[in-house]
file my_file.pdb (PDB, C-alpha atoms)
ATOM      1  CA  MET A 232      -2.236   0.315  76.092
ATOM      2  CA  THR A 233       0.528  -1.023  73.861
ATOM      3  CA  PRO A 234      -0.885  -3.195  71.054
ATOM      4  CA  ALA A 235       0.338  -6.728  70.444
ATOM      5  CA  ARG A 236       2.114  -6.603  67.092
ATOM      6  CA  TRP A 237       1.955 -10.291  66.148
ATOM      7  CA  PRO A 238       0.165 -13.507  67.170
ATOM      8  CA  ARG A 239       1.837 -15.463  69.971
ATOM      9  CA  GLU A 240       3.292 -18.835  69.071
ATOM     10  CA  HIS A 241       1.710 -20.184  72.278
ATOM     11  CA  PRO A 242      -1.402 -18.019  72.821
ATOM     12  CA  GLU A 243      -2.412 -19.810  76.033
ATOM     13  CA  THR A 244       0.629 -18.227  77.733
ATOM     14  CA  GLY A 245      -0.878 -14.753  77.348
ATOM     15  CA  ARG A 246      -1.738 -12.703  80.437
ATOM     16  CA  LEU A 247      -5.202 -12.962  81.962
ATOM     17  CA  LEU A 248      -6.568 -10.294  84.280
ATOM     18  CA  HIS A 249      -9.253 -11.824  86.480
ATOM     19  CA  ILE A 250     -11.798  -9.259  87.701
ATOM     20  CA  ALA A 251     -14.257 -10.453  90.365
ATOM     21  CA  PRO A 252     -17.084  -7.877  90.693
ATOM     22  CA  SER A 253     -18.625  -9.413  93.832
ATOM     23  CA  THR A 254     -15.406  -9.110  95.837
ATOM     24  CA  GLY A 255     -13.637  -6.290  93.996
ATOM     25  CA  ARG A 256     -10.561  -8.489  93.678
ATOM     26  CA  ILE A 257      -8.262  -8.218  90.633
ATOM     27  CA  SER A 258      -5.621 -10.882  90.031
ATOM     28  CA  ASP A 259      -2.844 -11.266  87.467
ATOM     29  CA  ARG A 260      -2.974 -14.724  85.853
ATOM     30  CA  ARG A 261      -2.314 -16.501  82.541
ATOM     31  CA  VAL A 262      -4.862 -17.802  80.052
ATOM     32  CA  GLU A 263      -3.596 -21.315  80.791
ATOM     33  CA  HIS A 264      -4.913 -20.819  84.365
ATOM     34  CA  LEU A 265      -8.514 -20.577  83.097
ATOM     35  CA  PRO A 266      -9.326 -24.132  84.289
ATOM     36  CA  GLU A 267      -8.584 -22.964  87.838
ATOM     37  CA  LEU A 268     -11.006 -20.032  87.535
ATOM     38  CA  LEU A 269     -13.980 -21.989  86.176
ATOM     39  CA  ARG A 270     -15.929 -24.711  87.968
ATOM     40  CA  ALA A 271     -17.306 -28.088  86.964
ATOM     41  CA  GLY A 272     -20.784 -27.413  85.604
ATOM     42  CA  ASP A 273     -19.938 -23.989  84.174
ATOM     43  CA  LEU A 274     -20.776 -23.422  80.514
ATOM     44  CA  LEU A 275     -18.356 -21.689  78.145
ATOM     45  CA  VAL A 276     -20.150 -20.286  75.074
ATOM     46  CA  VAL A 277     -17.984 -19.521  72.033
ATOM     47  CA  ASN A 278     -18.550 -17.774  68.716
ATOM     48  CA  ASP A 279     -17.617 -20.341  66.052
ATOM     49  CA  ALA A 280     -17.700 -17.884  63.134
ATOM     50  CA  ALA A 281     -14.706 -18.294  60.854
ATOM     51  CA  THR A 282     -13.054 -15.061  59.738
ATOM     52  CA  LEU A 283     -13.344 -14.039  56.101
ATOM     53  CA  PRO A 284     -10.573 -12.640  53.912
ATOM     54  CA  ALA A 285     -12.715  -9.495  53.991
ATOM     55  CA  SER A 286     -10.249  -6.914  52.610
ATOM     56  CA  LEU A 287     -10.457  -6.548  48.836
ATOM     57  CA  GLN A 288      -8.029  -4.284  46.971
ATOM     58  CA  GLY A 289      -9.124  -2.978  43.598
ATOM     59  CA  HIS A 290     -10.236   0.038  41.619
ATOM     60  CA  THR A 291     -13.315   1.765  40.263
ATOM     61  CA  GLU A 292     -14.241   1.605  36.589
ATOM     62  CA  GLU A 293     -12.563   4.988  36.237
ATOM     63  CA  GLY A 294      -9.311   3.579  37.638
ATOM     64  CA  ALA A 295      -9.286   5.087  41.160
ATOM     65  CA  ALA A 296      -7.513   2.788  43.625
ATOM     66  CA  ILE A 297      -9.732   1.563  46.481
ATOM     67  CA  GLU A 298     -10.020  -1.016  49.233
ATOM     68  CA  LEU A 299     -13.391  -2.543  50.117
ATOM     69  CA  ARG A 300     -13.753  -4.041  53.587
ATOM     70  CA  LEU A 301     -16.749  -6.330  53.896
ATOM     71  CA  LEU A 302     -18.939  -5.954  56.973
ATOM     72  CA  THR A 303     -21.578  -8.646  56.668
ATOM     73  CA  ARG A 304     -23.544 -10.669  54.147
ATOM     74  CA  GLU A 305     -27.189  -9.645  54.001
ATOM     75  CA  ALA A 306     -30.132 -12.012  53.772
ATOM     76  CA  GLN A 307     -30.805 -11.098  50.145
ATOM     77  CA  GLY A 308     -27.266 -11.975  49.063
ATOM     78  CA  THR A 309     -25.835  -8.457  49.034
ATOM     79  CA  TRP A 310     -23.050  -7.305  51.360
ATOM     80  CA  THR A 311     -22.581  -4.204  53.465
ATOM     81  CA  ALA A 312     -19.058  -2.854  53.168
ATOM     82  CA  VAL A 313     -16.863   0.149  53.948
ATOM     83  CA  LEU A 314     -14.923   1.899  51.184
ATOM     84  CA  PHE A 315     -11.344   3.090  51.712
ATOM     85  CA  GLY A 316      -9.132   5.201  49.489
ATOM     86  CA  GLU A 317      -5.719   4.371  48.103
ATOM     87  CA  GLY A 318      -3.348   2.496  50.430
ATOM     88  CA  ASP A 319      -3.307  -0.651  52.508
ATOM     89  CA  TRP A 320      -2.987  -1.849  56.104
ATOM     90  CA  ARG A 321       0.500  -0.367  56.495
ATOM     91  CA  MET A 322      -1.021   3.133  56.656
ATOM     92  CA  ARG A 323      -3.226   4.133  59.584
ATOM     93  CA  THR A 324      -6.835   4.183  58.418
ATOM     94  CA  GLU A 325      -7.310   7.763  59.651
ATOM     95  CA  ASP A 326      -4.321   8.893  57.541
ATOM     96  CA  ARG A 327      -5.454   7.365  54.259
ATOM     97  CA  PRO A 328      -6.817   9.632  51.531
ATOM     98  CA  PRO A 329     -10.606   9.664  51.215
ATOM     99  CA  PRO A 330     -12.118   7.270  48.690
ATOM    100  CA  PRO A 331     -13.962   8.471  45.601
ATOM    101  CA  THR A 332     -17.627   9.318  46.115
ATOM    102  CA  LEU A 333     -19.698   6.561  44.546
ATOM    103  CA  THR A 334     -23.369   6.346  43.649
ATOM    104  CA  ALA A 335     -25.712   3.426  43.095
ATOM    105  CA  GLY A 336     -24.754   1.564  39.944
ATOM    106  CA  ALA A 337     -21.018   2.239  40.199
ATOM    107  CA  ARG A 338     -18.901  -0.789  39.375
ATOM    108  CA  LEU A 339     -15.851  -2.019  41.280
ATOM    109  CA  VAL A 340     -13.066  -4.324  40.118
ATOM    110  CA  LEU A 341     -11.742  -6.283  43.108
ATOM    111  CA  GLY A 342      -9.073  -8.736  41.997
ATOM    112  CA  SER A 343     -10.851 -11.607  40.247
ATOM    113  CA  LEU A 344     -14.247 -10.289  41.371
ATOM    114  CA  THR A 345     -16.452  -7.457  40.173
ATOM    115  CA  ALA A 346     -19.217  -5.812  42.166
ATOM    116  CA  ARG A 347     -21.934  -3.179  41.776
ATOM    117  CA  VAL A 348     -22.926  -0.544  44.332
ATOM    118  CA  VAL A 349     -26.581  -1.203  45.144
ATOM    119  CA  GLU A 350     -27.046   1.548  47.702
ATOM    120  CA  VAL A 351     -25.127   4.180  49.652
ATOM    121  CA  LEU A 352     -26.095   3.900  53.326
ATOM    122  CA  PRO A 353     -26.250   6.445  56.152
ATOM    123  CA  PRO A 354     -24.414   7.897  57.980
ATOM    124  CA  SER A 355     -21.491   8.046  55.530
ATOM    125  CA  PRO A 356     -20.975   7.919  51.753
ATOM    126  CA  ARG A 357     -18.302   5.309  52.485
ATOM    127  CA  LEU A 358     -20.856   2.804  53.804
ATOM    128  CA  LEU A 359     -22.169   0.787  50.885
ATOM    129  CA  ARG A 360     -24.391  -2.125  50.022
ATOM    130  CA  VAL A 361     -22.807  -4.039  47.151
ATOM    131  CA  ALA A 362     -23.707  -7.025  45.000
ATOM    132  CA  PHE A 363     -21.058  -9.264  43.474
ATOM    133  CA  ASP A 364     -21.487 -10.464  39.914
ATOM    134  CA  ALA A 365     -20.358 -13.954  40.920
ATOM    135  CA  GLN A 366     -22.581 -16.088  43.104
ATOM    136  CA  GLY A 367     -22.335 -19.408  44.921
ATOM    137  CA  ALA A 368     -19.076 -21.328  44.654
ATOM    138  CA  ALA A 369     -17.628 -18.827  42.173
ATOM    139  CA  LEU A 370     -18.075 -15.979  44.680
ATOM    140  CA  TRP A 371     -16.484 -17.867  47.562
ATOM    141  CA  THR A 372     -13.599 -18.996  45.363
ATOM    142  CA  GLY A 373     -13.069 -15.386  44.283
ATOM    143  CA  LEU A 374     -13.165 -14.079  47.855
ATOM    144  CA  TYR A 375     -10.562 -16.546  49.067
ATOM    145  CA  ARG A 376      -8.417 -15.968  45.996
ATOM    146  CA  SER A 377      -8.509 -12.151  45.996
ATOM    147  CA  GLY A 378      -9.245 -11.209  49.612
ATOM    148  CA  ARG A 379      -6.874 -10.669  52.498
ATOM    149  CA  PRO A 380      -7.496 -10.530  56.252
ATOM    150  CA  ILE A 381      -8.472  -7.092  57.549
ATOM    151  CA  GLN A 382      -5.594  -5.769  59.618
ATOM    152  CA  TYR A 383      -4.205  -2.546  61.054
ATOM    153  CA  SER A 384      -0.945  -0.620  60.917
ATOM    154  CA  TYR A 385       0.270  -1.560  64.402
ATOM    155  CA  LEU A 386       0.952  -5.135  63.236
ATOM    156  CA  ALA A 387       4.486  -6.211  62.353
ATOM    157  CA  GLY A 388       3.706  -7.823  58.995
ATOM    158  CA  PRO A 389       0.996  -9.146  56.682
ATOM    159  CA  LEU A 390      -1.344 -11.675  58.264
ATOM    160  CA  SER A 391      -2.244 -15.009  56.755
ATOM    161  CA  LEU A 392      -5.782 -16.303  56.993
ATOM    162  CA  TRP A 393      -4.867 -18.939  59.598
ATOM    163  CA  HIS A 394      -3.604 -16.240  61.972
ATOM    164  CA  ILE A 395      -7.154 -14.976  62.508
ATOM    165  CA  GLN A 396      -9.060 -18.240  63.001
ATOM    166  CA  THR A 397     -10.070 -19.751  66.318
ATOM    167  CA  VAL A 398      -9.406 -23.484  66.616
ATOM    168  CA  TYR A 399     -13.170 -24.144  66.493
ATOM    169  CA  ALA A 400     -13.960 -21.834  63.543
ATOM    170  CA  ALA A 401     -16.802 -23.083  61.323
ATOM    171  CA  ARG A 402     -18.965 -20.948  59.020
ATOM    172  CA  PRO A 403     -17.241 -17.941  57.360
ATOM    173  CA  TRP A 404     -19.365 -15.126  58.814
ATOM    174  CA  ALA A 405     -16.947 -12.750  60.581
ATOM    175  CA  ALA A 406     -15.313  -9.707  58.975
ATOM    176  CA  GLU A 407     -12.786  -9.518  61.801
ATOM    177  CA  ALA A 408     -11.767 -12.341  64.114
ATOM    178  CA  PRO A 409     -13.870 -13.074  67.217
ATOM    179  CA  SER A 410     -10.551 -12.511  68.923
ATOM    180  CA  ALA A 411     -11.485 -13.391  72.512
ATOM    181  CA  GLY A 412     -11.320 -17.044  71.469
ATOM    182  CA  LEU A 413      -7.898 -16.900  69.795
ATOM    183  CA  PRO A 414      -5.995 -17.882  72.991
ATOM    184  CA  LEU A 415      -8.137 -21.012  73.476
ATOM    185  CA  THR A 416      -5.997 -23.865  72.206
ATOM    186  CA  TRP A 417      -7.238 -27.434  71.867
ATOM    187  CA  ALA A 418      -5.044 -28.474  74.799
ATOM    188  CA  LEU A 419      -6.658 -25.813  77.012
ATOM    189  CA  LEU A 420     -10.176 -26.694  75.877
ATOM    190  CA  LEU A 421      -9.541 -30.378  76.550
ATOM    191  CA  GLU A 422      -8.267 -29.581  80.042
ATOM    192  CA  LEU A 423     -11.399 -27.520  80.729
ATOM    193  CA  ARG A 424     -13.589 -30.380  79.554
ATOM    194  CA  ARG A 425     -11.622 -32.830  81.714
ATOM    195  CA  ARG A 426     -12.439 -30.646  84.722
ATOM    196  CA  GLY A 427     -16.157 -30.696  83.957
ATOM    197  CA  VAL A 428     -16.583 -27.382  82.134
ATOM    198  CA  ARG A 429     -19.145 -27.695  79.364
ATOM    199  CA  PHE A 430     -19.131 -26.016  75.956
ATOM    200  CA  ALA A 431     -21.697 -24.581  73.575
ATOM    201  CA  SER A 432     -21.409 -22.496  70.439
ATOM    202  CA  LEU A 433     -23.248 -19.964  68.357
ATOM    203  CA  THR A 434     -22.360 -18.106  65.176
ATOM    204  CA  HIS A 435     -22.192 -14.312  65.189
ATOM    205  CA  ALA A 436     -21.056 -12.138  62.287
ATOM    206  CA  ALA A 437     -18.447  -9.979  64.019
ATOM    207  CA  GLY A 438     -17.999  -6.731  62.074
ATOM    208  CA  LEU A 439     -15.330  -4.043  61.899
ATOM    209  CA  SER A 440     -13.742  -2.669  65.059
ATOM    210  CA  SER A 441     -12.611   0.607  63.484
ATOM    211  CA  THR A 442     -12.623   2.516  60.192
ATOM    212  CA  GLY A 443     -10.658   5.649  61.090
ATOM    213  CA  ASP A 444     -13.726   7.712  60.125
ATOM    214  CA  ALA A 445     -15.238   9.348  63.222
ATOM    215  CA  THR A 446     -18.740   9.402  61.722
ATOM    216  CA  LEU A 447     -18.677   5.684  60.952
ATOM    217  CA  ASP A 448     -16.878   4.653  64.121
ATOM    218  CA  ALA A 449     -19.586   6.363  66.170
ATOM    219  CA  VAL A 450     -22.157   3.836  64.899
ATOM    220  CA  LEU A 451     -20.027   0.715  65.427
ATOM    221  CA  PRO A 452     -20.874  -2.012  66.036
ATOM    222  CA  ARG A 453     -23.608  -2.077  63.428
ATOM    223  CA  PRO A 454     -26.475  -4.566  63.538
ATOM    224  CA  GLU A 455     -25.010  -8.058  63.186
ATOM    225  CA  ARG A 456     -26.602 -11.394  62.387
ATOM    226  CA  PHE A 457     -26.394 -14.476  64.574
ATOM    227  CA  ASP A 458     -27.519 -18.088  64.700
ATOM    228  CA  ILE A 459     -28.121 -19.772  68.056
ATOM    229  CA  PRO A 460     -28.576 -23.567  67.841
ATOM    230  CA  ALA A 461     -31.217 -25.371  69.849
ATOM    231  CA  ALA A 462     -28.467 -27.431  71.514
ATOM    232  CA  THR A 463     -26.912 -24.231  72.884
ATOM    233  CA  VAL A 464     -30.207 -23.040  74.365
ATOM    234  CA  GLU A 465     -30.709 -26.466  75.961
ATOM    235  CA  ALA A 466     -27.184 -26.353  77.413
ATOM    236  CA  LEU A 467     -27.863 -22.896  78.870
ATOM    237  CA  HIS A 468     -31.059 -24.042  80.561
ATOM    238  CA  ALA A 469     -29.346 -27.167  81.923
ATOM    239  CA  THR A 470     -26.462 -25.076  83.279
ATOM    240  CA  ARG A 471     -28.794 -22.695  85.060
ATOM    241  CA  ALA A 472     -30.819 -25.571  86.485
ATOM    242  CA  SER A 473     -27.680 -27.212  87.927
ATOM    243  CA  GLY A 474     -26.285 -23.991  89.415
ATOM    244  CA  GLY A 475     -23.516 -23.505  86.871
ATOM    245  CA  ARG A 476     -22.385 -20.185  85.426
ATOM    246  CA  VAL A 477     -22.697 -19.097  81.795
ATOM    247  CA  VAL A 478     -19.455 -17.501  80.582
ATOM    248  CA  ALA A 479     -19.342 -15.822  77.167
ATOM    249  CA  VAL A 480     -16.130 -15.915  75.149
ATOM    250  CA  GLY A 481     -16.199 -12.466  73.579
ATOM    251  CA  THR A 482     -18.556  -9.537  73.324
ATOM    252  CA  THR A 483     -20.128 -10.986  70.155
ATOM    253  CA  VAL A 484     -21.466 -13.916  72.168
ATOM    254  CA  VAL A 485     -22.936 -11.491  74.709
ATOM    255  CA  ARG A 486     -24.611  -9.443  71.969
ATOM    256  CA  ALA A 487     -26.121 -12.555  70.377
ATOM    257  CA  LEU A 488     -27.444 -14.114  73.589
ATOM    258  CA  GLU A 489     -28.647 -10.960  75.301
ATOM    259  CA  GLY A 490     -30.018  -9.522  72.052
ATOM    260  CA  ARG A 491     -32.008 -12.690  71.372
ATOM    261  CA  ALA A 492     -33.334 -12.816  74.934
ATOM    262  CA  LEU A 493     -34.393  -9.168  74.759
ATOM    263  CA  GLN A 494     -36.218  -9.807  71.481
ATOM    264  CA  GLY A 495     -38.006 -12.728  73.149
ATOM    265  CA  GLY A 496     -39.171 -10.693  76.129
ATOM    266  CA  GLY A 497     -36.597 -12.312  78.401
ATOM    267  CA  THR A 498     -36.883 -15.819  76.981
ATOM    268  CA  LEU A 499     -33.954 -17.219  75.002
ATOM    269  CA  THR A 500     -35.005 -19.221  71.961
ATOM    270  CA  PRO A 501     -32.929 -20.802  69.197
ATOM    271  CA  GLY A 502     -32.750 -19.507  65.657
ATOM    272  CA  GLU A 503     -31.268 -16.888  63.375
ATOM    273  CA  GLY A 504     -31.690 -13.158  63.833
ATOM    274  CA  VAL A 505     -30.061  -9.743  63.815
ATOM    275  CA  THR A 506     -29.133  -7.754  66.900
ATOM    276  CA  ASP A 507     -28.493  -4.032  67.239
ATOM    277  CA  LEU A 508     -28.136  -4.293  71.024
ATOM    278  CA  LEU A 509     -25.617  -1.893  72.583
ATOM    279  CA  MET A 510     -24.939  -2.574  76.253
ATOM    280  CA  GLY A 511     -23.381  -0.418  78.913
ATOM    281  CA  PRO A 512     -23.744   0.655  82.550
ATOM    282  CA  GLY A 513     -27.214  -0.062  83.863
ATOM    283  CA  PHE A 514     -27.869  -2.970  81.520
ATOM    284  CA  VAL A 515     -28.665  -6.133  83.483
ATOM    285  CA  PRO A 516     -27.645  -9.304  81.598
ATOM    286  CA  ARG A 517     -30.359 -11.953  81.570
ATOM    287  CA  VAL A 518     -28.312 -14.863  80.199
ATOM    288  CA  VAL A 519     -24.580 -14.318  80.663
ATOM    289  CA  GLU A 520     -22.864 -14.167  84.061
ATOM    290  CA  GLY A 521     -19.206 -13.948  83.064
ATOM    291  CA  LEU A 522     -17.173 -12.610  80.168
ATOM    292  CA  LEU A 523     -13.804 -13.620  78.723
ATOM    293  CA  THR A 524     -12.627 -10.815  76.464
ATOM    294  CA  GLY A 525      -9.579  -8.848  75.354
ATOM    295  CA  MET A 526      -8.028  -5.728  76.822
ATOM    296  CA  HIS A 527     -10.119  -2.809  75.562
ATOM    297  CA  GLU A 528      -9.482   0.920  75.466
ATOM    298  CA  PRO A 529     -11.898   3.046  77.572
ATOM    299  CA  THR A 530     -13.209   4.717  74.392
ATOM    300  CA  ALA A 531     -14.156   1.417  72.724
ATOM    301  CA  SER A 532     -17.732   0.128  72.520
ATOM    302  CA  HIS A 533     -16.475  -3.147  74.005
ATOM    303  CA  TYR A 534     -15.425  -1.259  77.143
ATOM    304  CA  ALA A 535     -18.943   0.121  77.522
ATOM    305  CA  LEU A 536     -20.312  -3.429  77.241
ATOM    306  CA  MET A 537     -17.937  -4.574  80.016
ATOM    307  CA  GLN A 538     -19.679  -2.089  82.337
ATOM    308  CA  ALA A 539     -22.762  -4.308  82.206
ATOM    309  CA  PHE A 540     -20.671  -6.883  84.106
ATOM    310  CA  ALA A 541     -18.490  -4.763  86.402
ATOM    311  CA  PRO A 542     -18.702  -1.214  87.804
ATOM    312  CA  LEU A 543     -16.617   1.471  86.113
ATOM    313  CA  PRO A 544     -14.357   2.199  89.143
ATOM    314  CA  LEU A 545     -13.345  -1.478  89.275
ATOM    315  CA  LEU A 546     -12.697  -1.562  85.513
ATOM    316  CA  ARG A 547     -10.556   1.571  85.807
ATOM    317  CA  GLU A 548      -8.573  -0.002  88.620
ATOM    318  CA  ALA A 549      -8.106  -3.121  86.482
ATOM    319  CA  ALA A 550      -6.969  -1.021  83.512
ATOM    320  CA  GLN A 551      -4.381   0.754  85.667
ATOM    321  CA  MET A 552      -3.075  -2.565  86.933
ATOM    322  CA  ALA A 553      -2.904  -3.958  83.387
ATOM    323  CA  GLU A 554      -1.022  -0.888  82.153
ATOM    324  CA  LYS A 555       1.434  -1.053  85.047
ATOM    325  CA  ARG A 556       2.138  -4.739  84.448
ATOM    326  CA  GLY A 557       2.606  -4.410  80.701
ATOM    327  CA  TYR A 558      -0.506  -6.065  79.356
ATOM    328  CA  LEU A 559      -0.873  -5.884  75.576
ATOM    329  CA  GLY A 560      -4.032  -4.823  73.744
ATOM    330  CA  HIS A 561      -5.886  -5.485  70.479
ATOM    331  CA  GLU A 562      -6.745  -8.774  68.828
ATOM    332  CA  PHE A 563      -3.521 -10.674  69.572
ATOM    333  CA  GLY A 564      -3.071  -9.131  73.000
ATOM    334  CA  ASP A 565      -3.842 -10.256  76.520
ATOM    335  CA  SER A 566      -7.193 -11.199  78.032
ATOM    336  CA  SER A 567      -9.502 -10.338  80.893
ATOM    337  CA  LEU A 568     -12.063 -12.477  82.672
ATOM    338  CA  ILE A 569     -14.947 -10.774  84.461
ATOM    339  CA  LEU A 570     -16.399 -13.462  86.689
ATOM    340  CA  SER A 571     -17.320 -13.575  90.348
ATOM    341  CA  PRO A 572     -16.338 -16.673  92.361
TER
END
call {"tool": "encode", "arguments": {"input": "my_file.pdb", "output": "structure tokens"}}
result
Amino acid sequence: MTPARWPREHPETGRLLHIAPSTGRISDRRVEHLPELLRAGDLLVVNDAATLPASLQGHTEEGAAIELRLLTREAQGTWTAVLFGEGDWRMRTEDRPPPPTLTAGARLVLGSLTARVVEVLPPSPRLLRVAFDAQGAALWTGLYRSGRPIQYSYLAGPLSLWHIQTVYAARPWAAEAPSAGLPLTWALLLELRRRGVRFASLTHAAGLSSTGDATLDAVLPRPERFDIPAATVEALHATRASGGRVVAVGTTVVRALEGRALQGGGTLTPGEGVTDLLMGPGFVPRVVEGLLTGMHEPTASHYALMQAFAPLPLLREAAQMAEKRGYLGHEFGDSSLILSP
């Protein structure tokens, strides 16, 4: 599928492929038609994580050029990150030279920040746990001063931080944008609310979608932290009790809700946690009934997760239709809604 090369000026005009598993029907719509596809009493759950400037260019103490892409902030204040060799987003990640091999204790100079390698993690010497010398406000100031958005070579130019934020972004937890929510403008959200669709949010630390390293990509997504507010759990219970449908905006929302429910033996409770849940065919969602997501390649982990909501033959038929009609992929591309009427 052809990737979208730049954010749309009016993202709500993007294409929306509606897939209805119960009927097998596939229809070609626009994101702005979402109010027609949801019902009064439905609940739309979004991931309100803001996206970090998680790409840090720099060098080792010995002078070797590197890029460090942050994955997630750990509970103890360290960060997991992936190390890249010389180059930047303009070069495909799989074509970049390998980074230097680092060991615990190695120091990195990353713009105005410095960091120390705490641990090299399996399954790759490029996967690191690092600790920044700065803490608190000084660390966050340094990140926003020195960091850039993570981006890939198919894009037409360098992204600014506002390009990768949803309109409801809150806490800076995500390494890459929870991109399923990017087409949801305030005007569209207000129209949904006017029609009786309810909203709830959670925060999920979306990680990297790709590294270009087959060994690392095979273990993506890694365990990711989440925070589900009590108000969201209450809204879910109220929606179920009134016969409404729970629709997740993005695979990160599905991972957080279904991962939390699985940890609770089927009961969804509020709070913070970490999920390593990987879903695919045969997985029966306990919480989520519909999914608004992007257009995903069949080899992507997101595509496997979609099979928990729709059978593979129907997804293949939808992919063929999307390809024929010129749908665009990746984070600024078109959308799909898996939801039965």
call {"tool": "residues_around", "arguments": {"input": "my_file.pdb", "residues": "region 463-480 of chain A", "least_positions_apart": "2", "cutoff": "7 Å", "atoms": "all atoms listed in the file", "output": "ChimeraX atom specification"}}
result
/A:272-277,411-412,431-432,459-461,484-485,499-501,519-524
call {"tool": "resolve_selection", "arguments": {"input": "my_file.pdb", "expression": "the PyMOL selection byres ((chain A and resi 351) around 10)", "output": "list in words"}}
result
Thr311, Ala312, Thr332, Leu333, Thr334, Ala335, Val348, Val349, Glu350, Leu352, Pro353, Pro354, Ser355, Pro356, Arg357, Leu358, Leu359, Arg360 and Val361 of chain A
call {"tool": "resolve_selection", "arguments": {"input": "my_file.pdb", "expression": "the PyMOL selection byres ((chain A and resi 309) around 6)", "output": "mmCIF file with C-alpha atoms, keeping the file's coordinate frame"}}
result
data_model
loop_
_atom_site.group_PDB
_atom_site.id
_atom_site.type_symbol
_atom_site.label_atom_id
_atom_site.label_comp_id
_atom_site.auth_asym_id
_atom_site.auth_seq_id
_atom_site.Cartn_x
_atom_site.Cartn_y
_atom_site.Cartn_z
ATOM 1 C CA GLU A 305 -27.189 -9.645 54.001
ATOM 2 C CA GLN A 307 -30.805 -11.098 50.145
ATOM 3 C CA GLY A 308 -27.266 -11.975 49.063
ATOM 4 C CA TRP A 310 -23.050 -7.305 51.360
ATOM 5 C CA VAL A 361 -22.807 -4.039 47.151
ATOM 6 C CA ALA A 362 -23.707 -7.025 45.000
#
call {"tool": "resolve_selection", "arguments": {"input": "my_file.pdb", "expression": "the PyMOL selection byres ((chain A and resi 287-292) around 7)", "output": "list in words"}}
result
Ala285, Ser286, Glu293, Gly294, Ala295, Ala296, Ile297, Glu298, Leu299, Arg300, Arg338, Leu339, Val340, Leu341, Gly342, Ser377, Gly378 and Arg379 of chain A
call {"tool": "atom_distance", "arguments": {"input": "my_file.pdb", "atom1": "CA of Ser258 (chain A)", "atom2": "CA of Leu419 (chain A)"}}
result
19.8 Å
call {"tool": "atom_distance", "arguments": {"input": "my_file.pdb", "atom1": "CA of Thr483 (chain A)", "atom2": "CA of Gly318 (chain A)"}}
result
29.2 Å
call {"tool": "residues_around", "arguments": {"input": "my_file.pdb", "residues": "Leu269 (chain A)", "least_positions_apart": "6", "cutoff": "9 Å", "atoms": "all atoms listed in the file", "output": "list of chain:residue names"}}
result
A:Leu423, A:Arg426, A:Val428, A:Arg476, A:Leu570, A:Pro572
call {"tool": "atom_distance", "arguments": {"input": "my_file.pdb", "atom1": "CA of Pro542 (chain A)", "atom2": "CA of Gln494 (chain A)"}}
result
25.4 Å
call {"tool": "closest_residue", "arguments": {"input": "my_file.pdb", "among": "A:Leu370, A:Ile257, A:Ala535, A:Leu451", "to": "Gly438 (chain A)", "atoms": "only C-alpha atoms"}}
result
A:Leu451
call {"tool": "residues_around", "arguments": {"input": "my_file.pdb", "residues": "Gly557 (chain A)", "least_positions_apart": "3", "cutoff": "12 Å", "atoms": "all atoms listed in the file", "output": "count of residues only"}}
result
18
call {"tool": "residues_around", "arguments": {"input": "my_file.pdb", "residues": "Pro252 (chain A)", "least_positions_apart": "6", "cutoff": "8 Å", "atoms": "only C-alpha atoms", "output": "NGL selection string"}}
result
:A and (540-542 or 545 or 569-571)
call {"tool": "closest_residue", "arguments": {"input": "my_file.pdb", "among": "A:Arg304, A:Ala487, A:Arg429, A:Asp279", "to": "Val398 (chain A)", "atoms": "only C-alpha atoms"}}
result
A:Asp279
call {"tool": "residues_around", "arguments": {"input": "my_file.pdb", "residues": "Ser391 (chain A)", "least_positions_apart": "4", "cutoff": "12 Å", "atoms": "all atoms listed in the file", "output": "ChimeraX atom specification"}}
result
/A:237-238,282-284,375,378-382,395-396
call {"tool": "closest_residue", "arguments": {"input": "my_file.pdb", "among": "A:His527, A:Ala346, A:Leu493, A:Glu455", "to": "Asp507 (chain A)", "atoms": "only C-alpha atoms"}}
result
A:Glu455
call {"tool": "closest_residue", "arguments": {"input": "my_file.pdb", "among": "A:Leu302, A:Leu392, A:Ala369, A:Leu508", "to": "Ala437 (chain A)", "atoms": "all atoms listed in the file"}}
result
A:Leu302
call {"tool": "closest_residue", "arguments": {"input": "my_file.pdb", "among": "A:Ala337, A:Ala418, A:Ala436, A:Ala445", "to": "Trp404 (chain A)", "atoms": "only C-alpha atoms"}}
result
A:Ala436
call {"tool": "residues_near_point", "arguments": {"input": "my_file.pdb", "point": "(-5.4, -0.2, 60.1)", "cutoff": "7 Å", "atoms": "all atoms listed in the file", "output": "list in words"}}
result
Trp320, Arg321, Met322, Arg323, Thr324, Gln382, Tyr383 and Ser384 of chain A
call {"tool": "closest_residue", "arguments": {"input": "my_file.pdb", "among": "A:Arg424, A:Arg402, A:Arg347, A:Lys555", "to": "Leu265 (chain A)", "atoms": "only C-alpha atoms"}}
result
A:Arg424
call {"tool": "residues_near_point", "arguments": {"input": "my_file.pdb", "point": "(-4.0, -23.5, 81.5)", "cutoff": "8 Å", "atoms": "only C-alpha atoms", "output": "JSON, numbers by chain"}}
result
{"A": [243, 244, 261, 262, 263, 264, 265, 266, 267, 419, 422]}
call {"tool": "axis_aligned_box", "arguments": {"input": "my_file.pdb", "around": "region 539-543 of chain A", "padding_each_side": "8 Å", "output": "JSON"}}
result
{"center_x": -19.7, "center_y": -2.7, "center_z": 85.0, "size_x": 22.1, "size_y": 24.4, "size_z": 21.6}
